[in-house]
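Below is one structure; the comments refer to it alone.
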Amino acid sequence: MEFIKMDFKAELAKVSPKLRRGANIYIWGTGHDWEHIRKLYKLYKRINLEDSVYAFIDNDPLKQGTEYYGKKVISPDEIDIDNAVVIVSLANYLGTSVIKQLIEMGFHFKSDCFDRVYFYFMLRRFSRLQFSQFENKHKGERCFIIGNGPSLKTQDLDLLKNEFTFATNQIYLAFEETAWRPTYYVVEDDMFMETKHKEFCNIITGIKFLASHKIPAIESFEAENAYYYNVDADSSYQQLPYKLKFSIEPGLVYHCDTVTYTCLQFAAFMGFKEIYLLGVDNSYSVLRKADGEIIYKNQKQNHFNQNYSASHYIGDIDLVNAGYQAAREYADNNDIKIYNATRAGELEVFERVTLEDIL
């Protein structure tokens with residue numbers, strides 16, 4: 001897939017008439033808040049945001065007259081108001097007073113001056129555009145979603161080398177024993193993202209779908225062929241018993257405590273009409289029910305490889321099952337078939353099939 005490169009000035013011009021007439025972009029703020037925003041754009045959009053900036057503005061006399069990221073730092077009095085669009089990078093409690101200052105100078109909020117929220121609006125909007133490339137890319141085709149459960153056998157993966165597949169997390173522990181590699185690789189877990197990002201960034205060479213909520217806190221994060229998506233976790237916990245949403249919007253998924261649910265949403269978004277689960281055991285050595293009850297089971301390990309470093313995990317089983325039920329309901333209403341080809345386990349929401357019978 002093509003990585004669509006963002007033209008920041010052109011994107012902002014969509015909501016700024018003055019920019020469409022050729023005005024320059026000024027950024028108000030030269031501190032930590034700008035650094036964070038710059039890092040986001042460098043990571044997610046692979047651009048140097050300062051390349052679109054004419055100058056920086058700061059109220060601090062000690063910074064005025066200096067250079068910042070190769071651009072001049074000026075005082076508010078030096079702004080050419082008729083030829084300037086200003087974005088405030090400062091946090092809300094400071095940014096609000098600056099916006100008021102700009103309005104008093106003759107700027108118009110949300111036309112030629114913007115608060116820091118617009119950096120994030122544009123980031124999300126453009127992420128949706130990048131993800132739109134995958135919409136119905138596999139219309140009418142079939143795929144396999146590979147779980148990391150204890151029933152997964154590496155010899156089964158070799159059977160799927162000519163199939164479209166999704167895989168997650170530490171599936172790369174199986175790579176020494178199989179020539180198979182996933183078509184799409186997905187990561188959502190906070191702790192895994194933080195502790196294992198160097199591993200999967202180096203090992204996984206194909207297309208990666210990475211949850212965006214954790215990455216900005218990770219120093220020196222770099223990933224090739226990566227597309228970043230947003231996770232709506234709030235809606236997962238709004239009611240009991242759980243009733244979850246299922247997304248086919250570009251770059252947005254709903255959370256249900258298993259990345260398999262994310263893969264199901266991506267598969268539907270891409271247009272797959274037959275979806276097979278393999279290695280999705282849906283069984284955990286320790287379970288947590290919606291009412292907080294903890295259940296210990298006689299199960300030695302949760303994953304296919306004993307070196308899989310997630311033994312701390314407690315499965316929110318009611319939430320996970322609600323996600324699978326939501327996927328089943330969406331599939332039934334949209335002419336999609338989801339089958340469970342897992343060789344064991346406790347997932348009975350979907351019709352079971354035998355892997356050899358469908359290959």
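Each chain of the structure tokens is named A, B, ... in the order shown, its residues numbered from 1; ligands are numbered from 1 in display order.
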If we count only C-alpha atoms and set the cut-off at 12 Å, which residues sit around range 175-177 of chain A, ignoring sequence neighbours fewer than 6 positions away in its own chain? Please answer as a short mmCIF file (atom, residue, chain, number, x, y, z; two decimals) with C-alpha atoms, in the first residue's frame.
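Written file, result.cif:
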```cif
data_model
loop_
_atom_site.label_atom_id
_atom_site.label_comp_id
_atom_site.auth_asym_id
_atom_site.auth_seq_id
_atom_site.Cartn_x
_atom_site.Cartn_y
_atom_site.Cartn_z
CA LYS A 153 0.69 -25.20 16.04
CA THR A 154 3.44 -23.74 13.88
CA GLN A 155 2.88 -26.42 11.24
CA ASP A 156 -0.62 -25.02 10.78
CA LEU A 157 0.88 -21.65 9.86
CA ASP A 158 2.73 -23.16 6.91
CA ALA A 167 -1.50 -11.85 13.41
CA PHE A 200 8.39 -6.28 16.57
CA ILE A 203 11.21 -8.50 13.07
CA ILE A 204 7.94 -7.66 11.34
CA ASN A 305 5.07 -20.59 23.16
#
```
Legend entry - Contacts of Gly31 in chain A at 9 Å (only C-alpha atoms; same-chain gap of 5+ positions) as a PyMOL selection string: chain A and resi 36+89-90
Inset, instruction - Please give the complete set of residues from range 152-288 of chain A that DSSP, run on the backbone, assigns to strand (DSSP E or B), formatted as a count of residues only. - result: 32
Inset, instruction - Show which residues sit within 10 Å of range 283-290 of chain A, as JSON, numbers by chain. Count only C-alpha atoms, and ignore same-chain residues fewer than 5 positions away. - result: {"A": [149, 150, 237, 240, 241, 242, 295, 296, 297, 298, 299, 300, 301, 302, 303, 311, 312, 313, 314, 315, 316, 317, 318, 319, 344, 345, 346, 347]}
Which residues of range 180-290 of chain A come within 9 Å of range 141-144 of chain A, and for each one, what is the closest pair of atoms and their distance in Å to one decimal, counting only C-alpha atoms, sorted by chain and residue number, as CSV?
```
residue,atom,partner,partner_atom,distance
A:Ala267,CA,A:Cys143,CA,7.6
A:Gly271,CA,A:Glu141,CA,7.3
A:Phe272,CA,A:Glu141,CA,4.9
A:Lys273,CA,A:Glu141,CA,5.8
A:Glu274,CA,A:Arg142,CA,4.5
A:Ile275,CA,A:Cys143,CA,5.1
A:Tyr276,CA,A:Phe144,CA,4.7
A:Leu277,CA,A:Phe144,CA,5.8
A:Leu278,CA,A:Phe144,CA,7.0
```
Grab the residues selected above and save them as a short mmCIF file (atom, residue, chain, number, x, y, z; two decimals), in the first residue's frame with C-alpha atoms.
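result_25.cif, written as the output of this step:
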```cif
data_model
loop_
_atom_site.label_atom_id
_atom_site.label_comp_id
_atom_site.auth_asym_id
_atom_site.auth_seq_id
_atom_site.Cartn_x
_atom_site.Cartn_y
_atom_site.Cartn_z
CA ALA A 267 -11.26 -7.67 8.34
CA GLY A 271 -14.38 -6.38 2.80
CA PHE A 272 -13.51 -9.98 3.70
CA LYS A 273 -16.62 -12.16 3.51
CA GLU A 274 -15.17 -15.32 5.06
CA ILE A 275 -13.16 -14.97 8.24
CA TYR A 276 -11.53 -17.93 9.97
CA LEU A 277 -10.11 -17.86 13.49
CA LEU A 278 -7.15 -20.08 14.32
#
```
Inset, instruction - Can you list, as an MDAnalysis selection string, all residues belonging to range 129-233 of chain A that DSSP tags as alpha helix (DSSP H)? - result: chainID A and resid 129:131 154:158 190:203
